[in-house]
$ cat start.csv   # CSV, C-alpha atoms and all ligand atoms
chain,number,residue,atom,x,y,z
A,1,MET,CA,24.7,-11.2,-24.2
A,2,ILE,CA,24.0,-13.1,-21.0
A,3,ASP,CA,27.5,-14.6,-21.0
A,4,SER,CA,29.2,-11.2,-21.6
A,5,LEU,CA,27.3,-9.8,-18.6
A,6,LEU,CA,28.1,-12.8,-16.4
A,7,GLU,CA,31.8,-12.5,-17.4
A,8,ARG,CA,31.8,-8.8,-16.6
A,9,LEU,CA,30.4,-9.7,-13.2
A,10,GLY,CA,33.3,-12.1,-12.7
A,11,LEU,CA,31.1,-15.2,-12.7
A,12,GLY,CA,32.3,-16.7,-16.0
A,13,PRO,CA,30.0,-17.8,-18.8
A,14,LEU,CA,27.1,-20.3,-18.3
A,15,ARG,CA,27.8,-24.0,-18.5
A,16,ARG,CA,25.6,-24.9,-21.4
A,17,GLU,CA,24.4,-28.2,-20.0
A,18,SER,CA,23.1,-26.5,-16.8
A,19,VAL,CA,20.8,-24.0,-18.5
A,20,THR,CA,17.0,-24.2,-18.1
A,21,GLU,CA,14.6,-21.7,-19.6
A,22,HIS,CA,11.6,-20.3,-17.8
A,23,ARG,CA,8.6,-18.5,-19.3
A,24,GLY,CA,6.9,-16.3,-16.7
A,25,ARG,CA,5.9,-12.7,-17.4
A,26,TRP,CA,9.4,-12.4,-18.7
A,27,HIS,CA,11.9,-14.8,-20.2
A,28,ALA,CA,14.3,-16.0,-17.6
A,29,ILE,CA,17.0,-18.7,-17.4
A,30,THR,CA,18.7,-20.5,-14.6
A,31,GLY,CA,22.1,-22.1,-14.8
A,32,ILE,CA,25.5,-22.5,-13.3
A,33,THR,CA,28.4,-20.4,-14.5
A,34,ARG,CA,31.9,-21.7,-15.1
A,35,GLN,CA,33.0,-20.4,-11.7
A,36,GLY,CA,30.2,-22.4,-10.1
A,37,ALA,CA,27.7,-19.6,-9.4
A,38,PRO,CA,24.0,-20.7,-9.7
A,39,VAL,CA,22.3,-17.7,-11.4
A,40,PHE,CA,18.7,-16.7,-12.2
A,41,VAL,CA,18.9,-14.2,-15.2
A,42,LYS,CA,15.8,-12.3,-16.1
A,43,HIS,CA,15.2,-10.4,-19.3
A,44,ILE,CA,12.8,-7.5,-18.5
A,45,THR,CA,12.0,-6.0,-21.8
A,46,ASP,CA,9.7,-3.2,-20.5
A,47,PRO,CA,12.0,-0.3,-19.6
A,48,ALA,CA,9.7,1.0,-16.9
A,49,VAL,CA,9.6,-2.3,-15.2
A,50,PHE,CA,13.3,-2.9,-15.6
A,51,GLY,CA,13.9,0.6,-14.0
A,52,ARG,CA,11.7,-0.4,-11.1
A,53,ALA,CA,13.6,-3.6,-10.5
A,54,VAL,CA,16.9,-1.8,-10.5
A,55,ALA,CA,15.5,1.0,-8.3
A,56,PHE,CA,14.4,-1.6,-5.8
A,57,GLU,CA,17.9,-3.1,-5.7
A,58,ARG,CA,19.5,0.3,-5.0
A,59,PHE,CA,17.0,0.9,-2.3
A,60,ALA,CA,17.4,-2.6,-0.7
A,61,VAL,CA,21.2,-2.1,-0.3
A,62,ALA,CA,20.3,-0.3,2.9
A,63,LEU,CA,18.1,-3.2,4.0
A,64,PRO,CA,20.5,-6.1,4.3
A,65,GLY,CA,18.2,-8.1,6.6
A,66,LEU,CA,15.5,-8.3,3.9
A,67,PRO,CA,15.4,-12.0,2.7
A,68,ARG,CA,15.5,-12.0,-1.1
A,69,PRO,CA,17.7,-13.5,-3.7
A,70,ARG,CA,20.9,-11.5,-3.9
A,71,CYS,CA,21.1,-9.3,-7.0
A,72,LEU,CA,24.5,-9.9,-8.7
A,73,GLY,CA,24.3,-7.1,-11.3
A,74,TRP,CA,22.5,-5.9,-14.4
A,75,ASP,CA,22.9,-4.6,-17.8
A,76,ALA,CA,20.4,-1.8,-18.6
A,77,ARG,CA,21.2,-1.7,-22.3
A,78,GLU,CA,20.3,-5.4,-22.7
A,79,SER,CA,17.5,-5.3,-20.0
A,80,LEU,CA,19.1,-8.2,-18.1
A,81,ILE,CA,19.3,-8.6,-14.4
A,82,VAL,CA,21.1,-11.4,-12.6
A,83,PHE,CA,20.2,-12.9,-9.2
A,84,ALA,CA,21.7,-15.7,-7.2
A,85,HIS,CA,19.6,-18.8,-8.0
A,86,LEU,CA,18.2,-20.2,-4.7
A,87,ARG,CA,18.3,-23.9,-5.2
A,88,GLY,CA,16.6,-26.4,-2.9
A,89,THR,CA,13.6,-24.1,-2.4
A,90,VAL,CA,10.0,-24.6,-3.2
A,91,ASP,CA,7.6,-21.7,-4.0
A,92,GLY,CA,4.9,-20.8,-1.6
A,93,LEU,CA,2.1,-21.9,-3.9
A,94,ARG,CA,3.4,-25.4,-4.1
A,95,ALA,CA,4.1,-25.4,-0.4
A,96,ALA,CA,0.4,-24.4,0.2
A,97,GLU,CA,-0.8,-27.1,-2.1
A,98,LYS,CA,1.2,-29.7,0.0
A,99,ASP,CA,-0.1,-28.1,3.2
A,100,ALA,CA,3.5,-27.3,4.0
A,101,PHE,CA,3.0,-23.5,4.4
A,102,ASP,CA,3.0,-23.5,8.2
A,103,VAL,CA,2.6,-21.0,11.0
A,104,PRO,CA,6.3,-20.3,11.6
A,105,THR,CA,6.6,-19.5,7.9
A,106,ALA,CA,3.6,-17.1,8.0
A,107,ARG,CA,5.1,-15.5,11.1
A,108,GLU,CA,8.5,-15.0,9.4
A,109,LEU,CA,6.7,-13.4,6.4
A,110,GLY,CA,4.9,-11.0,8.8
A,111,ARG,CA,8.2,-10.0,10.3
A,112,THR,CA,9.8,-9.6,6.9
A,113,LEU,CA,7.0,-7.3,5.6
A,114,ALA,CA,7.2,-5.2,8.8
A,115,LEU,CA,10.9,-4.7,8.1
A,116,LEU,CA,10.1,-3.7,4.5
A,117,HIS,CA,7.2,-1.4,5.4
A,118,GLY,CA,9.1,0.2,8.3
A,119,ALA,CA,12.3,0.9,6.3
A,120,PRO,CA,13.3,4.5,6.2
A,121,VAL,CA,12.6,6.3,3.0
A,122,ASP,CA,13.8,9.6,1.7
A,123,GLY,CA,12.0,11.7,-0.8
A,124,ASP,CA,14.8,11.6,-3.3
A,125,GLY,CA,15.5,7.9,-2.9
A,126,PRO,CA,15.5,5.3,-5.7
A,127,LEU,CA,12.1,3.8,-4.8
A,128,ARG,CA,9.3,5.8,-6.5
A,129,PRO,CA,5.6,6.2,-5.6
A,130,ALA,CA,3.2,3.9,-7.3
A,131,GLU,CA,2.4,5.1,-10.8
A,132,GLN,CA,-1.2,3.9,-11.1
A,133,PRO,CA,-4.0,4.0,-8.5
A,134,HIS,CA,-4.7,0.7,-6.9
A,135,PRO,CA,-7.3,-0.8,-7.3
A,136,PRO,CA,-6.9,0.2,-11.0
A,137,VAL,CA,-10.2,2.1,-11.1
A,138,ALA,CA,-10.0,3.1,-14.7
A,139,LEU,CA,-10.7,-0.6,-15.5
A,140,LEU,CA,-14.0,-0.3,-13.7
A,141,GLU,CA,-15.2,2.6,-15.8
A,142,ALA,CA,-14.7,1.7,-19.4
A,143,ILE,CA,-12.6,-0.4,-21.7
A,144,SER,CA,-10.8,0.9,-24.8
A,145,LEU,CA,-11.7,-0.4,-28.3
A,146,PRO,CA,-8.3,-2.2,-28.8
A,147,ALA,CA,-8.6,-3.7,-25.3
A,148,PHE,CA,-12.1,-4.8,-26.1
A,149,LEU,CA,-11.1,-6.4,-29.3
A,150,GLU,CA,-8.3,-8.3,-27.6
A,151,ALA,CA,-10.2,-9.4,-24.6
A,152,SER,CA,-11.1,-13.1,-24.1
A,153,GLY,CA,-14.8,-14.1,-23.6
A,154,ALA,CA,-14.2,-14.6,-19.9
A,155,GLU,CA,-12.5,-11.1,-19.5
A,156,LEU,CA,-15.5,-9.5,-21.2
A,157,GLU,CA,-17.8,-11.4,-18.9
A,158,LEU,CA,-15.9,-10.2,-15.9
A,159,LEU,CA,-15.8,-6.6,-17.1
A,160,GLY,CA,-19.5,-6.9,-17.7
A,161,MET,CA,-20.1,-8.0,-14.1
A,162,LEU,CA,-17.9,-5.1,-12.8
A,163,HIS,CA,-19.3,-2.4,-15.0
A,164,GLU,CA,-22.8,-3.2,-13.9
A,165,ASP,CA,-21.9,-3.1,-10.2
A,166,THR,CA,-21.9,0.5,-9.2
A,167,ALA,CA,-21.5,-0.3,-5.5
A,168,LEU,CA,-18.4,-2.3,-6.2
A,169,ALA,CA,-16.9,0.5,-8.3
A,170,ALA,CA,-17.6,3.0,-5.6
A,171,ALA,CA,-15.9,0.9,-3.0
A,172,ALA,CA,-12.9,0.3,-5.1
A,173,THR,CA,-12.6,4.0,-5.9
A,174,ARG,CA,-12.9,4.9,-2.2
A,175,LEU,CA,-10.2,2.3,-1.4
A,176,ALA,CA,-7.8,3.7,-4.1
A,177,GLU,CA,-8.4,7.2,-2.7
A,178,GLU,CA,-7.8,6.1,0.9
A,179,ALA,CA,-4.6,4.3,-0.1
A,180,CYS,CA,-3.3,7.5,-1.6
A,181,ALA,CA,-4.0,9.5,1.5
A,182,VAL,CA,-2.0,7.3,3.9
A,183,ALA,CA,1.8,7.3,4.4
A,184,GLN,CA,3.4,5.8,1.3
A,185,LEU,CA,5.8,3.1,2.4
A,186,PRO,CA,8.2,0.7,0.7
A,187,CYS,CA,6.1,-2.2,-0.6
A,188,HIS,CA,6.5,-5.3,-2.7
A,189,ALA,CA,3.2,-4.6,-4.5
A,190,ASP,CA,2.9,-7.9,-6.2
A,191,LEU,CA,2.9,-10.4,-3.4
A,192,ARG,CA,1.6,-13.8,-4.3
A,193,LEU,CA,2.4,-17.2,-2.9
A,194,ASP,CA,4.3,-18.2,-6.0
A,195,GLN,CA,6.6,-15.2,-5.5
A,196,LEU,CA,7.8,-16.6,-2.1
A,197,LEU,CA,10.5,-19.2,-1.9
A,198,LEU,CA,10.6,-21.5,1.1
A,199,GLY,CA,13.7,-23.4,2.2
A,200,ALA,CA,17.4,-22.7,1.9
A,201,GLY,CA,17.3,-21.4,5.5
A,202,GLY,CA,14.1,-19.4,5.5
A,203,ILE,CA,11.5,-17.6,3.4
A,204,TRP,CA,12.6,-15.4,0.5
A,205,LEU,CA,10.7,-12.8,-1.4
A,206,THR,CA,11.3,-12.7,-5.1
A,207,ASP,CA,10.1,-10.6,-8.1
A,208,TRP,CA,10.5,-7.1,-6.9
A,209,ASP,CA,9.8,-5.4,-10.2
A,210,GLN,CA,6.6,-3.8,-9.0
A,211,ALA,CA,8.1,-2.5,-5.8
A,212,CYS,CA,7.2,1.1,-5.0
A,213,LEU,CA,6.1,3.4,-2.3
A,214,THR,CA,2.4,2.8,-1.6
A,215,ASP,CA,-0.1,1.7,1.0
A,216,PRO,CA,1.3,-1.2,3.0
A,217,ALA,CA,-2.3,-2.6,3.1
A,218,ARG,CA,-1.7,-3.7,-0.4
A,219,ASP,CA,0.9,-6.3,0.6
A,220,ILE,CA,-1.0,-7.5,3.7
A,221,GLY,CA,-4.2,-7.7,1.6
A,222,ALA,CA,-2.4,-9.7,-1.1
A,223,PHE,CA,-1.2,-12.3,1.4
A,224,LEU,CA,-4.7,-12.5,2.9
A,225,GLY,CA,-6.2,-12.5,-0.5
A,226,GLU,CA,-4.1,-15.4,-1.7
A,227,TRP,CA,-5.6,-17.6,1.1
A,228,LEU,CA,-9.1,-16.3,0.6
A,229,HIS,CA,-8.8,-17.2,-3.0
A,230,ARG,CA,-7.6,-20.7,-2.3
A,231,SER,CA,-10.5,-21.3,0.1
A,232,ALA,CA,-13.0,-19.8,-2.4
A,233,ARG,CA,-11.8,-22.3,-5.0
A,234,LYS,CA,-11.9,-25.2,-2.6
A,235,VAL,CA,-15.4,-24.4,-1.4
A,236,ARG,CA,-16.8,-24.3,-4.9
A,237,SER,CA,-14.9,-27.3,-6.2
A,238,GLY,CA,-16.5,-29.3,-3.4
A,239,THR,CA,-13.3,-30.1,-1.4
A,240,ALA,CA,-14.5,-27.9,1.5
A,241,ALA,CA,-17.8,-26.8,2.9
A,242,GLY,CA,-18.8,-23.2,3.5
A,243,THR,CA,-16.3,-21.2,5.6
A,244,GLU,CA,-14.8,-24.3,7.1
A,245,ASP,CA,-11.8,-24.2,4.8
A,246,PHE,CA,-10.9,-20.7,5.8
A,247,ALA,CA,-11.0,-21.7,9.4
A,248,GLY,CA,-8.1,-23.9,8.5
A,249,THR,CA,-6.1,-21.0,7.1
A,250,ARG,CA,-7.0,-18.4,9.7
A,251,PRO,CA,-4.2,-19.4,12.1
A,252,LEU,CA,-1.7,-18.6,9.3
A,253,VAL,CA,-3.1,-15.2,8.7
A,254,ALA,CA,-3.4,-14.5,12.5
A,255,ALA,CA,0.2,-15.6,13.1
A,256,PHE,CA,1.4,-13.5,10.1
A,257,TRP,CA,-0.6,-10.4,11.4
A,258,SER,CA,0.6,-10.8,15.0
A,259,ALA,CA,4.2,-11.0,14.0
A,260,TYR,CA,3.7,-8.0,11.7
A,261,ARG,CA,2.1,-6.0,14.5
A,262,SER,CA,4.7,-6.8,17.1
A,263,ALA,CA,7.5,-5.8,14.6
A,264,ARG,CA,5.7,-2.6,13.4
A,265,SER,CA,3.8,-0.9,16.2
A,266,ALA,CA,3.6,2.3,14.1
A,267,ALA,CA,1.0,0.8,11.8
A,268,ASP,CA,-2.1,3.0,11.4
A,269,GLY,CA,-5.3,1.9,13.0
A,270,GLU,CA,-7.2,1.4,9.7
A,271,LEU,CA,-4.5,-0.8,8.2
A,272,ALA,CA,-6.4,-4.1,8.9
A,273,ARG,CA,-9.6,-2.7,7.4
A,274,ARG,CA,-7.9,-1.5,4.2
A,275,SER,CA,-6.0,-4.8,4.0
A,276,VAL,CA,-9.3,-6.8,4.0
A,277,ALA,CA,-10.6,-4.5,1.3
A,278,PHE,CA,-7.4,-5.1,-0.8
A,279,ALA,CA,-7.8,-8.8,-0.2
A,280,GLY,CA,-11.2,-8.4,-1.8
A,281,TRP,CA,-9.8,-6.7,-4.8
A,282,HIS,CA,-7.1,-9.4,-5.0
A,283,GLN,CA,-9.9,-11.9,-5.8
A,284,ILE,CA,-10.9,-9.9,-8.8
A,285,ASP,CA,-7.3,-9.4,-9.8
A,286,ARG,CA,-6.7,-13.2,-9.7
A,287,VAL,CA,-9.9,-13.9,-11.7
A,288,PHE,CA,-8.7,-11.4,-14.3
A,289,ALA,CA,-5.4,-13.4,-14.6
A,290,ILE,CA,-7.3,-16.6,-15.0
A,291,ALA,CA,-9.9,-15.1,-17.4
A,292,ARG,CA,-7.2,-14.0,-19.9
A,293,SER,CA,-7.0,-17.5,-21.4
A,294,ARG,CA,-10.7,-18.5,-21.0
A,295,ALA,CA,-13.7,-18.3,-23.2
A,296,TRP,CA,-16.1,-18.0,-20.2
A,297,LEU,CA,-15.9,-17.8,-16.4
A,298,HIS,CA,-16.3,-20.9,-14.3
A,299,PRO,CA,-18.7,-20.8,-11.3
A,300,VAL,CA,-15.6,-21.0,-9.1
A,301,GLU,CA,-14.4,-17.7,-10.5
A,302,ARG,CA,-17.8,-16.1,-10.2
A,303,ALA,CA,-17.8,-17.2,-6.5
A,304,ALA,CA,-14.3,-15.7,-6.0
A,305,VAL,CA,-15.6,-12.4,-7.4
A,306,GLY,CA,-18.5,-12.6,-5.0
A,307,ILE,CA,-16.3,-13.1,-2.0
A,308,GLY,CA,-14.0,-10.3,-3.2
A,309,ARG,CA,-17.1,-8.0,-3.5
A,310,VAL,CA,-18.1,-8.7,0.1
A,311,ALA,CA,-14.6,-7.9,1.4
A,312,LEU,CA,-14.4,-4.7,-0.7
A,313,LEU,CA,-17.8,-3.5,0.4
A,314,SER,CA,-17.8,-4.4,4.1
A,315,PRO,CA,-14.1,-4.9,5.1
A,316,ALA,CA,-14.6,-3.9,8.8
A,317,ASP,CA,-17.1,-6.8,9.3
A,318,LEU,CA,-14.6,-9.4,8.2
A,319,ILE,CA,-11.4,-8.3,10.1
A,320,GLU,CA,-12.1,-10.7,13.0
A,321,ALA,CA,-13.2,-13.6,10.8
A,322,VAL,CA,-10.1,-13.5,8.6
A,323,GLY,CA,-7.6,-13.2,11.5
A,324,LEU,CA,-6.5,-9.6,11.3
A,325,CYS,CA,-7.7,-8.8,14.8
A,326,ARG,CA,-5.7,-7.2,17.6
B,401,LIG,N1,16.6,-16.1,-7.5
B,401,LIG,C1,15.7,-17.1,-7.6
B,401,LIG,N2,16.0,-18.4,-7.2
B,401,LIG,C2,15.1,-19.4,-7.3
B,401,LIG,N3,13.8,-19.2,-7.8
B,401,LIG,C3,13.5,-18.0,-8.2
B,401,LIG,C4,14.4,-16.9,-8.1
B,401,LIG,N4,13.7,-15.8,-8.5
B,401,LIG,C5,12.5,-16.2,-8.8
B,401,LIG,N5,12.3,-17.5,-8.6
B,401,LIG,C6,11.1,-18.3,-8.9
B,401,LIG,O1,10.8,-18.2,-10.2
B,401,LIG,C7,9.4,-17.6,-10.4
B,401,LIG,C8,9.4,-16.6,-11.6
B,401,LIG,O2,10.3,-15.5,-11.3
B,401,LIG,P1,9.8,-14.0,-11.3
B,401,LIG,O3,11.0,-13.2,-10.9
B,401,LIG,O4,8.6,-14.0,-10.4
B,401,LIG,O5,9.5,-13.8,-12.8
B,401,LIG,P2,8.2,-13.1,-13.4
B,401,LIG,O6,8.4,-11.6,-13.3
B,401,LIG,O7,8.2,-13.6,-14.9
B,401,LIG,O8,7.0,-13.5,-12.7
B,401,LIG,C9,9.2,-16.9,-9.0
B,401,LIG,O9,7.8,-16.9,-8.8
B,401,LIG,C10,9.9,-17.8,-8.1
B,401,LIG,O10,9.1,-18.9,-7.7
B,402,MG,MG,6.6,-13.5,-10.6
$ encode --input "start.csv" --output "structure tokens" --more "lines below"
Ligand SMILES: Nc1ncnc2c1ncn2[C@@H]1O[C@H](COP(=O)(O)OP(=O)(O)O)[C@@H](O)[C@H]1O
Ligand SMILES: [Mg+2]
Amino acid sequence: MIDSLLERLGLGPLRRESVTEHRGRWHAITGITRQGAPVFVKHITDPAVFGRAVAFERFAVALPGLPRPRCLGWDARESLIVFAHLRGTVDGLRAAEKDAFDVPTARELGRTLALLHGAPVDGDGPLRPAEQPHPPVALLEAISLPAFLEASGAELELLGMLHEDTALAAAATRLAEEACAVAQLPCHADLRLDQLLLGAGGIWLTDWDQACLTDPARDIGAFLGEWLHRSARKVRSGTAAGTEDFAGTRPLVAAFWSAYRSARSAADGELARRSVAFAGWHQIDRVFAIARSRAWLHPVERAAVGIGRVALLSPADLIEAVGLCR
């Protein structure tokens, strides 16, 4: 199936010996075609998600300056989508682990997000509004019986913490409402360090299958949230003390934000505050991802939830500390 699509795209079939399989959320393969094209082929079996990935590609045609792996084509019937495989890159998470995520990289990401958020949208365009509120407030109210039966011990523990915390639920609900009330702009909506590729001449954004029109604070908050999460983990695992570790990352966030602001002066005045609040939610979101395969929560994860809670409840107090100041 993959070969017939690649042949249809004029790339030739895959060279068998070059193929590597990847298991992410979706099954994907990388390889080199007989014509010598390095490809990354993703099998997105959820039709709604596949539809979003294709809608984003249609939208991005009008945004040639957006650095992302070039989409070479797709087959909707087979749920396959083909990208140019960017070789010689390292993902942002690995770069962060090696302390190689530097200020110029953060600045370039700021400019890139400003370009995305500032892109013109038309009401009938391919990119659709977000389908679910974010934060996903329904999660904070109740859990269905099938979800309960499937949940891991750590997920139930986390849900228990959240369901008891009415202040947190109220803050998340307020944030979701505010996010709906602002201008809905083109967003990546699933920005994590591992979705960024560094090298091959710059920084590239991958995995656009959640892209939609939503509050741009979600993307800014996710970037900030990734760094907050990293320092929360370091603090608790004993490799950093107190807020010192975030002091090391603050220049990255500040450079990112200043590049974003210079490239997008139209940003609303409350963007920084909502971004901090979304960075707070991001902690909880990350802990959910970790909890899926765990019997109980580690103190590191409980600490991350605690930090997320503070950011959700009092975002304005943290704007300066995290580096999103004017
Ligand atoms: N075109 C590409 N070239 C090189 N690496 C890629 C490319 N697209 C994605 N990646 C890397 O592979 C990882 C998984 O791909 P992704 O599209 O995010 O799949 P999933 O939806 O399963 O998360 C990404 O996080 C990124 O690091
Ligand atoms: Mg991904």
$ closest_residue --input "start.csv" --among "A:Leu168, A:Val310, A:Ser293, A:Ala60" --to "A:Ala211" --atoms "only C-alpha atoms"
A:Ala60
$ closest_residue --input "start.csv" --among "A:Leu193, A:Ala151, A:Ala316, A:Ala267" --to "ligand LIG 401 (chain B)" --atoms "all atoms listed in the file"
A:Leu193
$ closest_residue --input "start.csv" --among "A:Ser18, A:Thr45, A:Thr89, A:Gln184" --to "A:Pro129" --atoms "all atoms listed in the file"
A:Gln184
$ residues_around --input "start.csv" --residues "A:Ile203" --least-positions-apart "2" --cutoff "8 Å" --atoms "all atoms listed in the file" --output "PDB file with C-alpha atoms, keeping the file's coordinate frame"
ATOM      1  CA  PRO A  67      15.400 -12.000   2.700  1.00  0.00           C
ATOM      2  CA  THR A 105       6.600 -19.500   7.900  1.00  0.00           C
ATOM      3  CA  GLU A 108       8.500 -15.000   9.400  1.00  0.00           C
ATOM      4  CA  LEU A 109       6.700 -13.400   6.400  1.00  0.00           C
ATOM      5  CA  LEU A 196       7.800 -16.600  -2.100  1.00  0.00           C
ATOM      6  CA  LEU A 197      10.500 -19.200  -1.900  1.00  0.00           C
ATOM      7  CA  LEU A 198      10.600 -21.500   1.100  1.00  0.00           C
ATOM      8  CA  GLY A 199      13.700 -23.400   2.200  1.00  0.00           C
ATOM      9  CA  ALA A 200      17.400 -22.700   1.900  1.00  0.00           C
ATOM     10  CA  GLY A 201      17.300 -21.400   5.500  1.00  0.00           C
ATOM     11  CA  LEU A 205      10.700 -12.800  -1.400  1.00  0.00           C
TER      12      LEU A 205
END
$ residues_near_ligand --input "start.csv" --ligand "ligand LIG 401 (chain B)" --cutoff "7 Å" --atoms "only C-alpha atoms and all ligand atoms" --output "PyMOL selection string"
chain A and resi 23-27+40+69+83-87+89+91+194-197+206-207
$ atom_distance --input "start.csv" --atom1 "atom CA of A:Asp219" --atom2 "atom CA of A:Pro299"
27.1 Å
$ atom_distance --input "start.csv" --atom1 "atom CA of A:Ala222" --atom2 "atom CA of A:Ala171"
17.3 Å
$ residues_around --input "start.csv" --residues "A:Ala119" --least-positions-apart "5" --cutoff "9 Å" --atoms "all atoms listed in the file" --output "list in words"
Ala62, Leu63, Ala114, Leu185 and Pro186 of chain A
$ residues_near_point --input "start.csv" --point "(-8.0, -16.2, 3.4)" --cutoff "8 Å" --atoms "only C-alpha atoms" --output "count of residues only"
13
$ build_atoms --input "start.csv" --residues "stretch 43-60 of chain A" --atoms "N, CA and C atoms" --output "mmCIF file, in the coordinates of the input"
data_model
loop_
_atom_site.group_PDB
_atom_site.id
_atom_site.type_symbol
_atom_site.label_atom_id
_atom_site.label_comp_id
_atom_site.auth_asym_id
_atom_site.auth_seq_id
_atom_site.Cartn_x
_atom_site.Cartn_y
_atom_site.Cartn_z
ATOM 1 N N HIS A 43 15.137 -11.362 -18.207
ATOM 2 C CA HIS A 43 15.200 -10.400 -19.300
ATOM 3 C C HIS A 43 13.875 -9.583 -19.245
ATOM 4 N N ILE A 44 13.980 -8.377 -18.681
ATOM 5 C CA ILE A 44 12.800 -7.500 -18.500
ATOM 6 C C ILE A 44 12.734 -6.507 -19.590
ATOM 7 N N THR A 45 11.911 -6.784 -20.609
ATOM 8 C CA THR A 45 12.000 -6.000 -21.800
ATOM 9 C C THR A 45 11.242 -4.621 -21.692
ATOM 10 N N ASP A 46 10.412 -4.476 -20.670
ATOM 11 C CA ASP A 46 9.700 -3.200 -20.500
ATOM 12 C C ASP A 46 10.646 -2.261 -19.680
ATOM 13 N N PRO A 47 11.064 -1.139 -20.292
ATOM 14 C CA PRO A 47 12.000 -0.300 -19.600
ATOM 15 C C PRO A 47 11.535 0.252 -18.265
ATOM 16 N N ALA A 48 10.243 0.529 -18.160
ATOM 17 C CA ALA A 48 9.700 1.000 -16.900
ATOM 18 C C ALA A 48 9.840 -0.018 -15.807
ATOM 19 N N VAL A 49 9.523 -1.249 -16.172
ATOM 20 C CA VAL A 49 9.600 -2.300 -15.200
ATOM 21 C C VAL A 49 11.033 -2.637 -14.830
ATOM 22 N N PHE A 50 11.891 -2.638 -15.848
ATOM 23 C CA PHE A 50 13.300 -2.900 -15.600
ATOM 24 C C PHE A 50 13.839 -1.775 -14.620
ATOM 25 N N GLY A 51 13.437 -0.544 -14.874
ATOM 26 C CA GLY A 51 13.900 0.600 -14.000
ATOM 27 C C GLY A 51 13.409 0.386 -12.582
ATOM 28 N N ARG A 52 12.212 -0.137 -12.409
ATOM 29 C CA ARG A 52 11.700 -0.400 -11.100
ATOM 30 C C ARG A 52 12.503 -1.469 -10.350
ATOM 31 N N ALA A 53 12.840 -2.527 -11.110
ATOM 32 C CA ALA A 53 13.600 -3.600 -10.500
ATOM 33 C C ALA A 53 14.962 -3.119 -10.027
ATOM 34 N N VAL A 54 15.601 -2.296 -10.834
ATOM 35 C CA VAL A 54 16.900 -1.800 -10.500
ATOM 36 C C VAL A 54 16.790 -0.773 -9.306
ATOM 37 N N ALA A 55 15.761 0.056 -9.359
ATOM 38 C CA ALA A 55 15.500 1.000 -8.300
ATOM 39 C C ALA A 55 15.367 0.288 -6.958
ATOM 40 N N PHE A 56 14.627 -0.819 -7.005
ATOM 41 C CA PHE A 56 14.400 -1.600 -5.800
ATOM 42 C C PHE A 56 15.783 -2.098 -5.258
ATOM 43 N N GLU A 57 16.629 -2.607 -6.150
ATOM 44 C CA GLU A 57 17.900 -3.100 -5.700
ATOM 45 C C GLU A 57 18.763 -2.031 -5.061
ATOM 46 N N ARG A 58 18.697 -0.844 -5.626
ATOM 47 C CA ARG A 58 19.500 0.300 -5.000
ATOM 48 C C ARG A 58 18.917 0.613 -3.656
ATOM 49 N N PHE A 59 17.605 0.581 -3.534
ATOM 50 C CA PHE A 59 17.000 0.900 -2.300
ATOM 51 C C PHE A 59 17.335 -0.204 -1.228
ATOM 52 N N ALA A 60 17.301 -1.474 -1.641
ATOM 53 C CA ALA A 60 17.400 -2.600 -0.700
ATOM 54 C C ALA A 60 18.875 -2.758 -0.186
#
